[in-house]
$ cat final_18.txt   # compact mmCIF, C-alpha atoms
# COMPACT_ATOMS: atom_id res chain seq x y z
CA MET A 1 113.46 86.97 114.21
CA LYS A 2 114.26 85.83 117.74
CA ALA A 3 116.91 87.10 120.14
CA LYS A 4 119.32 84.68 121.78
CA HIS A 5 118.80 83.88 125.46
CA SER A 6 115.42 85.57 125.49
CA ASP A 7 111.79 85.04 124.62
CA LEU A 8 111.70 88.42 122.94
CA SER A 9 110.94 87.98 119.26
CA ILE A 10 109.61 90.06 116.39
CA ASP A 11 107.91 89.22 113.11
CA LEU A 12 109.18 91.05 110.04
CA TYR A 13 107.30 91.60 106.85
CA THR A 14 108.20 93.66 103.84
CA THR A 15 105.86 94.94 101.12
CA SER A 16 105.46 93.83 97.55
CA PRO A 17 105.96 96.18 94.60
CA ALA A 18 102.59 97.37 93.31
CA THR A 19 101.09 98.22 89.96
CA LEU A 20 100.61 101.86 88.97
CA ALA A 21 97.25 102.59 87.39
CA HIS A 22 97.08 104.55 84.14
CA GLY A 23 97.36 108.29 84.82
CA ALA A 24 98.18 107.83 88.52
CA LEU A 25 100.93 109.82 90.19
CA PRO A 26 104.28 107.99 89.98
CA ARG A 27 105.39 106.60 93.34
CA PRO A 28 108.48 104.63 94.34
CA GLY A 29 107.63 100.93 94.34
CA PHE A 30 104.63 101.35 92.02
CA TYR A 31 105.25 100.26 88.45
CA ALA A 32 103.39 100.98 85.22
CA GLU A 33 105.16 98.18 83.38
CA LYS A 34 103.05 95.30 82.21
CA GLY A 35 103.00 91.53 82.53
CA SER A 36 106.23 89.66 82.87
CA ALA A 37 108.36 92.66 83.91
CA TYR A 38 106.11 93.36 86.92
CA LEU A 39 105.82 89.66 87.66
CA GLN A 40 109.61 89.32 87.80
CA ARG A 41 109.78 92.32 90.15
CA VAL A 42 107.38 90.64 92.58
CA ILE A 43 109.31 87.36 92.37
CA ASP A 44 112.63 89.13 92.99
CA THR A 45 111.29 91.05 95.99
CA ALA A 46 109.77 87.91 97.49
CA ARG A 47 113.06 86.04 97.14
CA TRP A 48 115.08 88.92 98.61
CA SER A 49 112.65 89.11 101.52
CA GLU A 50 113.05 85.43 102.27
CA GLU A 51 116.84 85.55 101.92
CA CYS A 52 117.02 88.50 104.32
CA GLY A 53 115.05 86.73 107.04
CA PHE A 54 111.64 88.36 106.63
CA ARG A 55 108.71 86.17 107.60
CA GLY A 56 106.34 87.48 104.98
CA MET A 57 105.48 90.09 102.40
CA LEU A 58 102.45 92.38 102.38
CA LEU A 59 100.37 92.34 99.22
CA TYR A 60 98.30 95.52 99.03
CA ILE A 61 94.84 95.78 97.56
CA ASP A 62 92.63 98.60 96.39
CA ASN A 63 90.58 99.29 93.28
CA SER A 64 93.63 100.31 91.24
CA LEU A 65 95.83 97.26 91.88
CA VAL A 66 96.07 93.76 90.44
CA ASP A 67 94.37 90.97 92.40
CA ASN A 68 96.59 90.20 95.37
CA TRP A 69 95.44 86.58 95.69
CA GLY A 70 96.98 86.02 92.26
CA LEU A 71 100.18 87.64 93.52
CA ALA A 72 100.11 85.41 96.61
CA GLN A 73 100.27 82.36 94.39
CA VAL A 74 103.27 83.85 92.57
CA VAL A 75 105.00 84.46 95.90
CA ILE A 76 104.35 80.92 97.11
CA GLU A 77 105.55 79.31 93.90
CA ASN A 78 108.80 81.26 93.98
CA THR A 79 109.81 81.00 97.64
CA LYS A 80 110.23 78.20 100.16
CA ARG A 81 108.54 79.54 103.27
CA LEU A 82 107.68 83.24 102.83
CA ILE A 83 104.15 84.01 104.03
CA PRO A 84 102.05 86.16 101.70
CA LEU A 85 100.32 88.76 103.88
CA ILE A 86 97.17 89.27 101.84
CA ALA A 87 95.23 92.47 102.38
CA ALA A 88 91.56 91.47 102.47
CA GLN A 89 88.65 93.86 102.04
CA PRO A 90 85.26 92.20 102.72
CA VAL A 91 83.62 94.10 99.85
CA TYR A 92 85.82 92.33 97.30
CA MET A 93 85.05 88.69 98.07
CA HIS A 94 82.56 86.52 99.94
CA PRO A 95 84.07 84.90 103.05
CA TYR A 96 83.26 81.44 101.68
CA TRP A 97 85.46 82.10 98.67
CA ALA A 98 88.25 83.60 100.78
CA ALA A 99 88.19 80.50 103.00
CA LYS A 100 88.26 78.27 99.93
CA LYS A 101 91.30 80.13 98.59
CA ILE A 102 93.12 79.71 101.91
CA ALA A 103 92.28 76.00 102.04
CA THR A 104 93.27 75.58 98.38
CA ILE A 105 96.68 77.18 98.99
CA ALA A 106 97.18 74.85 101.97
CA TYR A 107 96.05 71.86 99.88
CA LEU A 108 98.23 72.67 96.86
CA TYR A 109 101.34 74.06 98.55
CA GLY A 110 101.17 73.19 102.25
CA ARG A 111 101.80 76.92 102.89
CA ARG A 112 100.22 79.17 105.46
CA ILE A 113 99.11 82.65 104.52
CA ALA A 114 98.38 85.72 106.64
CA LEU A 115 95.45 88.06 106.23
CA ASN A 116 95.68 91.81 106.71
CA MET A 117 92.02 92.62 107.27
CA LEU A 118 90.89 96.02 105.98
CA ALA A 119 87.81 97.98 106.81
CA GLY A 120 88.63 100.42 104.00
CA ALA A 121 90.70 103.58 104.04
CA PHE A 122 89.50 105.41 100.95
CA ARG A 123 85.75 105.88 100.82
CA GLY A 124 85.90 106.49 97.07
CA ASP A 125 86.95 102.89 96.38
CA LEU A 126 84.00 101.54 98.36
CA GLN A 127 81.50 104.08 97.06
CA ALA A 128 82.48 103.16 93.50
CA LEU A 129 81.32 99.64 94.35
CA GLY A 130 78.06 100.87 95.82
CA ASP A 131 79.16 100.43 99.42
CA GLU A 132 78.17 103.30 101.73
CA THR A 133 78.67 101.43 105.00
CA PRO A 134 79.73 103.88 107.76
CA HIS A 135 83.22 103.68 109.31
CA ASP A 136 82.46 101.83 112.56
CA GLU A 137 80.01 99.44 110.94
CA ARG A 138 82.67 98.47 108.42
CA TYR A 139 84.74 97.18 111.33
CA ASP A 140 81.75 95.18 112.60
CA ARG A 141 81.39 93.69 109.13
CA MET A 142 85.09 92.91 108.96
CA VAL A 143 84.92 91.08 112.31
CA GLU A 144 81.96 89.04 111.10
CA TYR A 145 83.72 88.32 107.81
CA THR A 146 86.83 87.03 109.54
CA LYS A 147 84.79 84.90 111.94
CA ALA A 148 82.93 83.35 109.00
CA ILE A 149 86.26 82.45 107.36
CA ARG A 150 87.54 80.92 110.58
CA THR A 151 84.33 78.96 111.09
CA LEU A 152 84.62 77.49 107.60
CA LEU A 153 88.29 76.60 108.05
CA ASP A 154 87.74 75.09 111.49
CA ALA A 155 84.93 72.84 110.22
CA ARG A 156 87.35 70.37 108.56
CA GLY A 157 84.87 69.86 105.74
CA ASP A 158 81.77 69.44 107.91
CA PRO A 159 78.71 71.47 106.92
CA VAL A 160 78.70 75.00 108.32
CA SER A 161 75.86 77.36 109.13
CA PHE A 162 76.53 80.95 110.14
CA ALA A 163 74.02 83.68 110.78
CA GLY A 164 75.47 87.14 110.96
CA ARG A 165 74.19 90.59 110.16
CA HIS A 166 76.17 90.83 106.94
CA TYR A 167 76.88 87.21 106.03
CA LYS A 168 74.89 84.00 106.16
CA LEU A 169 76.03 80.47 105.50
CA ASP A 170 73.47 77.69 105.30
CA ASN A 171 74.72 74.17 105.76
CA VAL A 172 77.61 74.78 103.37
CA ARG A 173 80.47 72.30 103.06
CA MET A 174 83.91 73.52 102.02
CA SER A 175 86.05 71.48 99.73
CA PRO A 176 88.93 71.10 100.03
CA PRO A 177 88.78 71.30 103.83
CA LEU A 178 91.68 72.79 105.75
CA GLU A 179 93.11 69.51 107.10
CA ASP A 180 96.09 70.97 108.95
CA ALA A 181 95.13 73.44 111.68
CA THR A 182 98.67 74.86 111.73
CA LEU A 183 97.97 76.28 108.26
CA ALA A 184 95.07 78.42 109.50
CA PRO A 185 95.87 82.02 108.56
CA LEU A 186 97.57 84.50 110.83
CA VAL A 187 95.27 87.48 111.19
CA LEU A 188 96.49 91.05 111.26
CA MET A 189 94.24 94.05 110.86
CA SER A 190 94.71 97.70 110.00
CA GLY A 191 93.13 100.42 112.05
CA SER A 192 93.80 102.53 115.09
CA SER A 193 90.34 103.97 115.88
CA ASP A 194 88.28 102.74 118.83
CA ALA A 195 86.26 100.60 116.39
CA GLY A 196 89.49 99.21 114.97
CA MET A 197 90.82 98.31 118.41
CA ALA A 198 87.53 96.65 119.35
CA ALA A 199 87.80 94.59 116.15
CA ALA A 200 91.38 93.55 116.98
CA ARG A 201 90.24 92.36 120.40
CA ALA A 202 87.25 90.49 118.99
CA LEU A 203 89.48 88.67 116.49
CA ASP A 204 92.56 88.30 118.67
CA ALA A 205 94.36 89.88 115.70
CA VAL A 206 97.58 91.85 115.49
CA ALA A 207 96.55 95.51 115.32
CA VAL A 208 98.78 97.16 112.74
CA ARG A 209 99.11 100.92 112.62
CA TYR A 210 101.17 103.61 111.00
CA PRO A 211 103.08 104.71 114.06
CA LYS A 212 103.44 108.05 115.70
CA PRO A 213 106.90 108.99 117.03
CA VAL A 214 107.90 106.39 119.62
CA ASP A 215 107.82 108.74 122.59
CA HIS A 216 104.03 108.92 122.15
CA TYR A 217 103.79 105.24 123.12
CA GLU A 218 106.22 105.69 126.00
CA ASN A 219 104.04 108.46 127.38
CA GLU A 220 100.74 106.72 126.60
CA PRO A 221 101.42 102.96 126.86
CA LEU A 222 99.67 100.52 124.54
CA ASP A 223 96.89 98.29 125.83
CA THR A 224 98.35 95.00 126.99
CA ASP A 225 95.45 92.80 125.82
CA VAL A 226 96.15 93.31 122.11
CA ALA A 227 99.18 92.38 119.97
CA PHE A 228 100.48 95.37 118.05
CA GLY A 229 102.36 95.92 114.83
CA VAL A 230 103.60 98.91 112.87
CA ARG A 231 104.11 99.70 109.24
CA MET A 232 107.07 102.00 108.66
CA GLY A 233 109.79 102.74 106.17
CA ILE A 234 113.41 102.33 107.20
CA ILE A 235 116.45 103.72 105.40
CA ALA A 236 119.62 103.07 107.38
CA ARG A 237 123.30 103.17 106.58
CA GLU A 238 126.57 103.20 108.48
CA GLU A 239 126.76 107.00 108.00
CA GLU A 240 123.84 109.39 108.55
CA GLU A 241 124.64 111.38 105.41
CA ASP A 242 124.52 108.27 103.23
CA ALA A 243 121.09 107.33 104.60
CA TRP A 244 119.66 110.78 103.89
CA ASP A 245 121.19 110.79 100.39
CA VAL A 246 119.24 107.63 99.64
CA ALA A 247 116.10 109.02 101.27
CA TYR A 248 116.14 112.30 99.33
CA THR A 249 116.88 110.52 96.07
CA ARG A 250 114.00 108.10 96.56
CA PHE A 251 111.44 110.56 97.89
CA SER A 252 111.55 114.02 96.36
CA GLU A 253 109.07 116.75 97.25
CA ASP A 254 106.66 117.79 94.52
CA ARG A 255 103.59 120.00 94.50
CA LYS A 256 101.43 117.54 92.56
CA GLY A 257 102.14 114.88 95.16
CA GLN A 258 101.28 117.29 97.99
CA LEU A 259 97.96 118.20 96.39
CA THR A 260 97.16 114.53 95.71
CA HIS A 261 97.93 113.75 99.35
CA GLN A 262 95.70 116.58 100.57
CA LEU A 263 92.87 115.42 98.31
CA ALA A 264 93.26 111.82 99.46
CA MET A 265 93.18 112.86 103.10
CA LYS A 266 90.07 114.92 102.44
CA SER A 267 88.21 111.91 101.05
CA SER A 268 89.41 109.50 103.74
CA ASP A 269 87.62 108.72 106.98
CA SER A 270 90.60 106.74 108.20
CA HIS A 271 91.65 107.47 111.75
CA TRP A 272 95.35 106.98 111.00
CA HIS A 273 95.25 109.17 107.90
CA GLN A 274 93.97 111.99 110.05
CA GLN A 275 96.41 111.25 112.88
CA LEU A 276 99.48 111.20 110.63
CA SER A 277 98.26 114.23 108.69
CA GLY A 278 97.90 116.04 111.99
CA LEU A 279 101.59 115.59 112.75
CA LYS A 280 103.63 118.47 111.43
CA GLN A 281 107.19 117.71 110.42
CA GLU A 282 108.35 121.08 111.67
CA GLU A 283 106.93 120.36 115.12
CA LEU A 284 109.07 117.26 115.45
CA THR A 285 112.49 117.95 116.86
CA GLU A 286 115.02 118.53 114.16
CA SER A 287 117.23 115.74 115.36
CA TYR A 288 114.51 113.13 115.51
CA PRO A 289 114.64 110.92 112.43
CA TYR A 290 110.87 110.53 111.98
CA TRP A 291 110.30 111.63 108.41
CA LEU A 292 106.87 112.40 106.94
CA THR A 293 107.90 113.88 103.59
CA PRO A 294 107.13 110.66 101.65
CA PHE A 295 103.65 110.56 103.25
CA GLN A 296 102.94 114.25 102.70
CA ASN A 297 103.98 114.04 99.03
CA TYR A 298 101.80 110.99 98.29
CA LYS A 299 104.81 108.74 97.77
CA THR A 300 103.81 106.25 100.45
CA PHE A 301 101.46 105.97 103.43
CA CYS A 302 103.90 105.30 106.23
CA PRO A 303 106.39 107.44 108.16
CA TYR A 304 110.08 106.77 107.60
CA LEU A 305 112.98 106.39 109.99
CA VAL A 306 116.20 107.60 108.36
CA GLY A 307 119.69 107.54 109.85
CA THR A 308 122.57 105.38 111.01
CA TYR A 309 122.08 101.70 111.85
CA ARG A 310 122.70 102.37 115.51
CA ARG A 311 120.40 105.35 115.77
CA ILE A 312 117.48 103.74 113.92
CA ALA A 313 117.99 100.48 115.80
CA GLY A 314 117.73 102.47 119.02
CA ILE A 315 114.37 103.86 117.96
CA VAL A 316 113.10 100.48 116.75
CA ALA A 317 114.20 98.96 120.08
CA ARG A 318 112.01 101.53 121.82
CA TYR A 319 109.04 100.56 119.64
CA ILE A 320 109.69 96.92 120.59
CA GLN A 321 109.83 97.83 124.27
CA ALA A 322 106.64 99.85 123.88
CA GLY A 323 104.93 96.62 122.82
CA PHE A 324 105.16 96.43 119.04
CA ARG A 325 106.20 92.96 117.88
CA THR A 326 105.28 92.98 114.20
CA PHE A 327 107.06 95.27 111.75
CA ILE A 328 105.99 95.75 108.14
CA THR A 329 108.50 97.77 106.15
CA ASP A 330 107.78 99.70 102.96
CA ILE A 331 108.39 98.45 99.42
CA PRO A 332 112.17 97.92 99.10
CA ALA A 333 114.08 99.47 96.21
CA ASP A 334 116.39 96.46 96.02
CA LYS A 335 117.89 93.61 98.05
CA GLU A 336 120.53 95.89 99.51
CA GLU A 337 117.79 97.91 101.23
CA LEU A 338 116.53 94.78 102.96
CA LEU A 339 120.04 93.82 104.05
CA HIS A 340 120.40 97.25 105.67
CA GLN A 341 117.03 96.77 107.40
CA LYS A 342 118.11 93.35 108.62
CA ILE A 343 121.10 94.94 110.34
CA VAL A 344 118.79 97.46 112.02
CA PHE A 345 116.34 94.84 113.30
CA GLU A 346 119.10 92.56 114.59
CA LEU A 347 120.67 95.46 116.49
CA ALA A 348 117.26 96.63 117.75
CA LEU A 349 116.27 93.20 119.02
CA LYS A 350 119.62 92.83 120.77
CA GLN A 351 119.24 96.24 122.41
CA ALA A 352 115.62 95.66 123.43
CA THR A 353 116.57 92.27 124.88
CA LEU A 354 119.46 93.70 126.89
CA GLU A 355 117.26 96.47 128.27
CA THR A 356 114.40 94.07 129.05
CA GLU A 357 116.78 91.68 130.83
CA GLY A 358 118.42 94.62 132.61
CA ALA A 359 115.06 95.88 133.82
CA ALA A 360 114.14 92.38 135.08
CA ARG A 361 117.26 92.13 137.27
CA MET B 1 92.34 141.42 88.37
CA THR B 2 88.56 141.75 87.98
CA HIS B 3 86.22 138.84 88.61
CA GLY B 4 85.41 138.75 84.89
CA GLU B 5 89.12 138.49 84.00
CA ILE B 6 89.58 135.71 86.53
CA GLN B 7 86.60 133.81 85.13
CA ARG B 8 87.93 134.15 81.59
CA ALA B 9 91.34 132.87 82.68
CA VAL B 10 89.76 129.91 84.53
CA THR B 11 87.67 129.10 81.44
CA GLU B 12 90.84 129.15 79.32
CA ILE B 13 92.44 126.64 81.69
CA VAL B 14 89.55 124.17 81.82
CA THR B 15 88.79 124.32 78.09
CA GLY B 16 92.45 124.56 77.02
CA PRO B 17 95.03 122.37 78.76
CA MET B 18 92.34 120.54 80.78
CA ASN B 19 90.32 119.87 77.60
CA LEU B 20 86.94 119.92 79.40
CA GLU B 21 83.60 120.92 77.94
CA VAL B 22 82.05 123.87 79.77
CA PRO B 23 78.55 124.71 78.49
CA ALA B 24 78.08 127.39 81.14
CA PRO B 25 80.07 128.93 84.01
CA ASP B 26 77.86 127.21 86.58
CA THR B 27 77.99 123.74 84.99
CA ASP B 28 78.84 121.19 87.71
CA LEU B 29 81.98 119.59 86.23
CA VAL B 30 82.20 116.95 88.99
CA ALA B 31 78.59 115.80 88.54
CA ALA B 32 79.10 115.81 84.77
CA GLY B 33 81.96 113.35 85.26
CA GLN B 34 84.51 115.74 83.76
CA LEU B 35 86.49 116.35 86.95
CA ASP B 36 87.72 113.36 88.91
CA SER B 37 90.38 113.14 91.61
CA LEU B 38 93.25 112.98 89.09
CA SER B 39 92.06 115.88 86.95
CA LEU B 40 91.21 117.90 90.06
CA VAL B 41 94.88 117.84 91.06
CA ASP B 42 95.87 118.93 87.55
CA LEU B 43 93.34 121.77 87.75
CA LEU B 44 94.79 122.95 91.06
CA LEU B 45 98.31 122.90 89.63
CA HIS B 46 97.15 124.99 86.65
CA LEU B 47 95.42 127.47 88.98
CA GLU B 48 98.50 127.81 91.18
CA GLN B 49 100.76 128.39 88.16
CA ARG B 50 98.41 130.80 86.34
CA PHE B 51 97.44 132.95 89.34
CA GLY B 52 100.49 132.53 91.58
CA VAL B 53 98.39 131.36 94.52
CA THR B 54 98.79 128.38 96.82
CA VAL B 55 95.72 126.27 97.41
CA ASN B 56 95.39 124.46 100.71
CA LEU B 57 92.86 121.70 100.12
CA GLU B 58 92.35 121.26 103.85
CA ALA B 59 90.89 124.76 103.99
CA ILE B 60 88.42 124.46 101.11
CA GLU B 61 85.50 122.26 100.14
CA ILE B 62 85.20 120.22 96.95
CA ASP B 63 82.10 122.32 96.22
CA ASP B 64 84.46 125.27 95.71
CA LEU B 65 85.89 123.46 92.69
CA ARG B 66 82.74 122.20 91.00
CA SER B 67 82.23 124.88 88.33
CA VAL B 68 84.08 127.64 86.55
CA ALA B 69 82.03 130.14 88.56
CA SER B 70 82.88 128.59 91.96
CA ILE B 71 86.53 128.13 90.99
CA SER B 72 86.71 131.78 89.95
CA THR B 73 85.26 132.87 93.29
CA LEU B 74 87.82 130.74 95.10
CA VAL B 75 90.69 132.23 93.08
CA ALA B 76 89.39 135.77 93.68
CA LYS B 77 89.35 135.10 97.45
CA ARG B 78 92.91 133.69 97.33
CA LEU B 79 94.15 136.70 95.35
CA ALA B 80 92.54 139.06 97.84
CA ALA B 81 93.96 137.23 100.87

$ encode --input "final_18.txt" --output "C-alpha cells"
Amino acid sequence: MKAKHSDLSIDLYTTSPATLAHGALPRPGFYAEKGSAYLQRVIDTARWSEECGFRGMLLYIDNSLVDNWGLAQVVIENTKRLIPLIAAQPVYMHPYWAAKKIATIAYLYGRRIALNMLAGAFRGDLQALGDETPHDERYDRMVEYTKAIRTLLDARGDPVSFAGRHYKLDNVRMSPPLEDATLAPLVLMSGSSDAGMAAARALDAVAVRYPKPVDHYENEPLDTDVAFGVRMGIIAREEEEDAWDVAYTRFSEDRKGQLTHQLAMKSSDSHWHQQLSGLKQEELTESYPYWLTPFQNYKTFCPYLVGTYRRIAGIVARYIQAGFRTFITDIPADKEELLHQKIVFELALKQATLETEGAAR
Amino acid sequence: MTHGEIQRAVTEIVTGPMNLEVPAPDTDLVAAGQLDSLSLVDLLLHLEQRFGVTVNLEAIEIDDLRSVASISTLVAKRLAA
C-alpha cells in the first residue's frame, strides 16, 4: 500500500486460519474441522486478503499445526499474487530442502514467497524434538540457516559448499535452480531481544514484533538501521461502540484461557512474551484502545487496537511514523473485517504522509 | 480444613474427574506422563472450583503441582493466605 505523492509505503499481511489440535483450548481463527472444510477456509481468507489489498498472508507453524508449506501451495494456487508468508523454524527442515521448496514454487508458479524466520517461542515444542539449544544460540542458528538458504538460491544451480556451526553443505547442486532473482524470498523474522535484533541486522530482515503501546516507541525511538514490522489485531468501525461489540463477542474472558496463558508464559523464554505479559491492562490509560484481553486469555498472541476508524488510524499512523512499515494483522473473522482494516490503513497512511510532509516543510 | 482433608479432596479430584492413577501421594504425576500442559490447566480449574481459591501460576513453580502431596501443600497455603 503506497500513499499518493509520497514515498511512504507500508506492507500489509493478514494471517491464515489455523488448525486446532485435539483437546486444545478453542480460539478464534483456530478450527477443529477436518479436510476440505478447513481447506476452503484457508482459500477464502487468502482470496479476501488479496481482494482487500493485502500483500501476503502469514502461515503459522508449531508442533500442533498442519504443515504450512502445504498451505502455501494452496494459497498460491487460489490467488493471483498474494505472497505466502511462511513461518520457518530451522528445527523442522534442513535449509537445503527449504531452498528447494522456494525454488520449486518459483519454478512451478513464478511466485515469490516470504519467510518469517523463527527462533522458537515455546521451549516445549523444541524440547519435544530433542532440541535444547539456548535462546541466543537459536538466533545464531537461525541466521546461519537463512544464509545457507540464500547461498543455495543465489548459486543459480552451481555447486554450493557452506561450512557453518550448525549446517554444512558440501558441493551440493540445487535443482531446480532459482533462475529469477526477483523471486528470492522476502525475509522477516520474529524477535525483539538483543539476540533477535542482532539476527535482523545480520540478515537485513524485517524485525517483526508484537508491539507495545505506540508512545513507547515515540519515547524510545527504534534503531534506524533495521526495518521494523508489527503484528497486531485491529477491530475498527465507524462507531466506537460497534467496534467494542465485535471485540467482546469475538474475545470473551475465561478462566481456563487465563490459566493456559499463564502456563504458556511460564514455559516460554520469549522476550516478547515476557514484555507483553509485563504490561498490565489496568495500567494503560482507560481511553487508550490498546487491548490485551485476547492475549491474556490465550485467544491470540498479539495486542488489539479497538475503536473508530479515525481513532485507530491515528494510532497506526503513529506506529508508521515511529518507523514500522510492515503490519501483520490477526486472523480475520470474515472479509468484512479486512475491509474495515483496509479503511484504517488507508486513513493511517494518508495521515502519516501528511504529517511527514508537514514536518519536512 | 485439615491437611488430611485437603489431601483427600485433591485425591478425589485427580482420581475422579481427572481420571489419573495415583499409586501414592508423592507419585510424580508429571514424570509419570499423567499430567501434561492441557491436563494441568484442568487440574487448576478443579482446584479453584473445589477450594474456592485463585491460583496465580506466575507465583508458583511447576514442582508445586507434581504430586497429590505437593498440590495439597499448595492448596493449604492458598487457603491460609

$ interface_residues --input "final_18.txt" --of "chain A" --to "chain B" --cutoff "9 Å" --atoms "all atoms listed in the file" --output "PyMOL selection string"
chain A and resi 23-25+255-257+259-260+262-266

$ atom_distance --input "final_18.txt" --atom1 "atom CA of Asn78 of chain A" --atom2 "atom CA of Arg47 of chain A"
7.1 Å

$ closest_atom_pairs --input "final_18.txt" --of "segment 3-101 of chain A" --to "segment 114-138 of chain A" --cutoff "9 Å" --atoms "all atoms listed in the file" --output "tab-separated table"
residue	atom	partner	partner_atom	distance
A:Gly56	CA	A:Ala114	CA	8.3
A:Leu58	CA	A:Asn116	CA	8.1
A:Leu59	CA	A:Asn116	CA	8.9
A:Tyr60	CA	A:Asn116	CA	8.9
A:Asp62	CA	A:Asp125	CA	7.1
A:Asn63	CA	A:Asp125	CA	6.0
A:Ser64	CA	A:Asp125	CA	8.8
A:Ile83	CA	A:Ala114	CA	6.6
A:Pro84	CA	A:Ala114	CA	6.2
A:Leu85	CA	A:Ala114	CA	4.5
A:Ile86	CA	A:Leu115	CA	4.9
A:Ala87	CA	A:Asn116	CA	4.4
A:Ala88	CA	A:Met117	CA	5.0
A:Gln89	CA	A:Leu118	CA	5.0
A:Pro90	CA	A:Ala119	CA	7.5
A:Val91	CA	A:Leu126	CA	7.6

$ residues_around --input "final_18.txt" --residues "Arg50 of chain B" --least-positions-apart "3" --cutoff "9 Å" --atoms "only C-alpha atoms" --output "list of chain:residue names"
B:Ala9, B:Val10, B:Ile13, B:Leu45, B:His46, B:Leu47, B:Val53

$ residues_near_point --input "final_18.txt" --point "(103.4, 106.1, 108.0)" --cutoff "7 Å" --atoms "only C-alpha atoms" --output "number ranges by chain"
A: 210-211, 231-232, 276, 295, 301-304

$ write_last_selection --input "final_18.txt" --atoms "C-alpha atoms" --output "tab-separated table (two decimals), in the coordinates of the input"
chain	number	residue	atom	x	y	z
A	210	TYR	CA	101.17	103.61	111.00
A	211	PRO	CA	103.08	104.71	114.06
A	231	ARG	CA	104.11	99.70	109.24
A	232	MET	CA	107.07	102.00	108.66
A	276	LEU	CA	99.48	111.20	110.63
A	295	PHE	CA	103.65	110.56	103.25
A	301	PHE	CA	101.46	105.97	103.43
A	302	CYS	CA	103.90	105.30	106.23
A	303	PRO	CA	106.39	107.44	108.16
A	304	TYR	CA	110.08	106.77	107.60

$ residues_near_point --input "final_18.txt" --point "(105.6, 99.0, 95.1)" --cutoff "10 Å" --atoms "only C-alpha atoms" --output "PDB file with C-alpha atoms, keeping the file's coordinate frame"
ATOM      1  CA  THR A  15     105.860  94.940 101.120  1.00  0.00           C
ATOM      2  CA  SER A  16     105.460  93.830  97.550  1.00  0.00           C
ATOM      3  CA  PRO A  17     105.960  96.180  94.600  1.00  0.00           C
ATOM      4  CA  ALA A  18     102.590  97.370  93.310  1.00  0.00           C
ATOM      5  CA  THR A  19     101.090  98.220  89.960  1.00  0.00           C
ATOM      6  CA  LEU A  20     100.610 101.860  88.970  1.00  0.00           C
ATOM      7  CA  ARG A  27     105.390 106.600  93.340  1.00  0.00           C
ATOM      8  CA  PRO A  28     108.480 104.630  94.340  1.00  0.00           C
ATOM      9  CA  GLY A  29     107.630 100.930  94.340  1.00  0.00           C
ATOM     10  CA  PHE A  30     104.630 101.350  92.020  1.00  0.00           C
ATOM     11  CA  TYR A  31     105.250 100.260  88.450  1.00  0.00           C
ATOM     12  CA  TYR A  38     106.110  93.360  86.920  1.00  0.00           C
ATOM     13  CA  ARG A  41     109.780  92.320  90.150  1.00  0.00           C
ATOM     14  CA  VAL A  42     107.380  90.640  92.580  1.00  0.00           C
ATOM     15  CA  THR A  45     111.290  91.050  95.990  1.00  0.00           C
ATOM     16  CA  LEU A  59     100.370  92.340  99.220  1.00  0.00           C
ATOM     17  CA  TYR A  60      98.300  95.520  99.030  1.00  0.00           C
ATOM     18  CA  THR A 300     103.810 106.250 100.450  1.00  0.00           C
ATOM     19  CA  ASP A 330     107.780  99.700 102.960  1.00  0.00           C
ATOM     20  CA  ILE A 331     108.390  98.450  99.420  1.00  0.00           C
ATOM     21  CA  PRO A 332     112.170  97.920  99.100  1.00  0.00           C
ATOM     22  CA  ALA A 333     114.080  99.470  96.210  1.00  0.00           C
TER      23      ALA A 333
END

$ closest_residue --input "final_18.txt" --among "A:Leu305, A:Val66, A:Ala72, A:Ile312" --to "Ile343 of chain A" --atoms "only C-alpha atoms"
A:Ile312

$ axis_aligned_box --input "final_18.txt" --around "segment 52-69 of chain B" --padding-each-side "4 Å" --output "AutoDock Vina command-line options"
--center_x 91.3 --center_y 126.4 --center_z 95.3 --size_x 26.5 --size_y 20.3 --size_z 25.4

$ decode --input "final_18.txt" --residues "segment 295-317 of chain A" --atoms "C-alpha atoms" --output "compact mmCIF listing (two decimals), in the first residue's frame"
# COMPACT_ATOMS: atom_id res chain seq x y z
CA PHE A 295 -3.61 -12.17 24.73
CA GLN A 296 -4.21 -12.66 28.45
CA ASN A 297 -7.00 -15.18 27.82
CA TYR A 298 -4.94 -17.28 25.37
CA LYS A 299 -7.12 -16.30 22.42
CA THR A 300 -4.27 -14.84 20.38
CA PHE A 301 -0.68 -13.66 20.84
CA CYS A 302 -0.95 -10.06 19.73
CA PRO A 303 -2.40 -6.89 21.27
CA TYR A 304 -5.52 -5.42 19.68
CA LEU A 305 -6.45 -1.90 18.71
CA VAL A 306 -10.21 -1.40 19.00
CA GLY A 307 -12.19 1.72 18.16
CA THR A 308 -13.37 4.04 15.40
CA TYR A 309 -11.65 4.12 12.00
CA ARG A 310 -10.31 7.58 12.68
CA ARG A 311 -9.00 6.84 16.14
CA ILE A 312 -7.29 3.56 15.23
CA ALA A 313 -5.92 5.09 12.03
CA GLY A 314 -4.41 7.84 14.17
CA ILE A 315 -2.62 5.27 16.30
CA VAL A 316 -1.47 3.24 13.29
CA ALA A 317 -0.17 6.47 11.70
